[in-house]
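J.: Sharing a structure below in structure tokens format, with a few things to ask.
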Amino acid sequence: IDLVIEVKRNSAHYIFKIIIPVFLILCVAWSVLWIPTYKLDARLTTSIVALLALIAYNFVFEDDIPKLDYLTDLDKFILLSYVFCCVPTFMSIGFSRFIARTKKLQKRVTIVNSYIRKWGAILYLSLTLVIFELY
């Protein structure tokens, strides 16, 4: 006797209700890297609000994710998003030391900021593809 059970999961629910909103909140957090580095208040406010929004949104979809004793791909994606949501905040705080300094230091900070914009996005997307095995 062969018994075949076909089980399908509605992945669209997870994509549209969890992954895309988390990604959009993360985009808001990373948008601070386009705000000039000397506007520390705007950078910190935006990145911290995005981090708090991500934490709050985690409570919204908490019941949609099964509680398991190991990390699922979705759990890994959410943890990765938390880490990358903190990066702009840490960078803004780190850059704040150079705001009132020389123009040479400010130029270096601007260059570092542009590298983080480019390579941070590439790294995040690459790690997301690895997590969901879409490579």
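Residue names in the structure tokens use chain letters A, B, ... in the order shown, residue numbers from 1 in each chain, and ligand numbers from 1 in the order shown.
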Might you pull out every residue within 12 Å of Ile35 (chain A), with only C-alpha atoms counted and same-chain residues fewer than 5 positions away left off, and present them as a PyMOL selection string?
T.: chain A and resi 28-30+40-47+88+92+110+113-114+117
J.: Nearest residue to Ala121 (chain A) out of A:Met91, A:Leu68, A:Leu26, A:Leu105, using only C-alpha atoms?
T.: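 Between A:Met91, A:Leu68, A:Leu26, A:Leu105, the residue approaching Ala121 (chain A) most closely is A:Leu26.
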J.: So, with only C-alpha atoms as the atoms that count, which of A:Phe95, A:Tyr82, A:Trp119, A:Tyr14 lies closest to Leu52 (chain A)?
T.: A:Tyr82
J.: Mind pulling up the distance from CA of Ile99 (chain A) to CA of Val83 (chain A)?
T.: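 Atom-to-atom, CA of Val83 (chain A) and CA of Ile99 (chain A) are spaced 24.8 Å apart.
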J.: Can you work out the spacing between CA of Ile65 (chain A) and CA of Thr89 (chain A) in Å, to one decimal?
T.: 27.5 Å
J.: So, counting only C-alpha atoms, which residue among A:Leu134, A:Val49, A:Ile55, A:Ile25 is closest to Asp73 (chain A)?
T.: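 Ranked by minimum distance to Asp73 (chain A), first place goes to A:Leu134.
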J.: By how many Å are CA of Leu79 (chain A) and CA of Arg97 (chain A) apart?
T.: 28.4 Å
J.: Would you mind writing down, as a PyMOL selection string, each residue of chain A that DSSP on the backbone assigns to helix (DSSP H, G or I)?
T.: chain A and resi 11-34+40-60+62-64+73-98+103-131
J.: Could you give me, as a PyMOL selection string, the residues within 10 Å of Gln106 (chain A), counting only C-alpha atoms and dropping anything in the same chain fewer than 5 positions from it?
T.: chain A and resi 37-38+95+97-101+111-112
J.: What lies within 12 Å of Ile18 (chain A) using only C-alpha atoms, ignoring chain neighbours under 4 positions off, as a ChimeraX atom specification?
T.: /A:11-14,22-25,54,57-65,74-75,77-78,81
J.: In terms of the shortest atom-to-atom distance over only C-alpha atoms, which of A:Leu80, A:Ala56, A:Cys85, A:Leu71 is closest to Ser31 (chain A)?
T.: A:Cys85
J.: My list of candidates is A:Lys76, A:Asn10, A:Phe84, A:Gly120. Which is closest to Phe132 (chain A) when distances are computed with only C-alpha atoms?
T.: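 Of the candidates, the smallest distance to Phe132 (chain A) is held by A:Lys76.
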J.: With only C-alpha atoms as the atoms that count, which of A:Ile1, A:Leu125, A:Val130, A:Ile15 lies nearest to Cys27 (chain A)?
T.: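 Once distances to Cys27 (chain A) are computed over only C-alpha atoms, the minimum belongs to A:Leu125.
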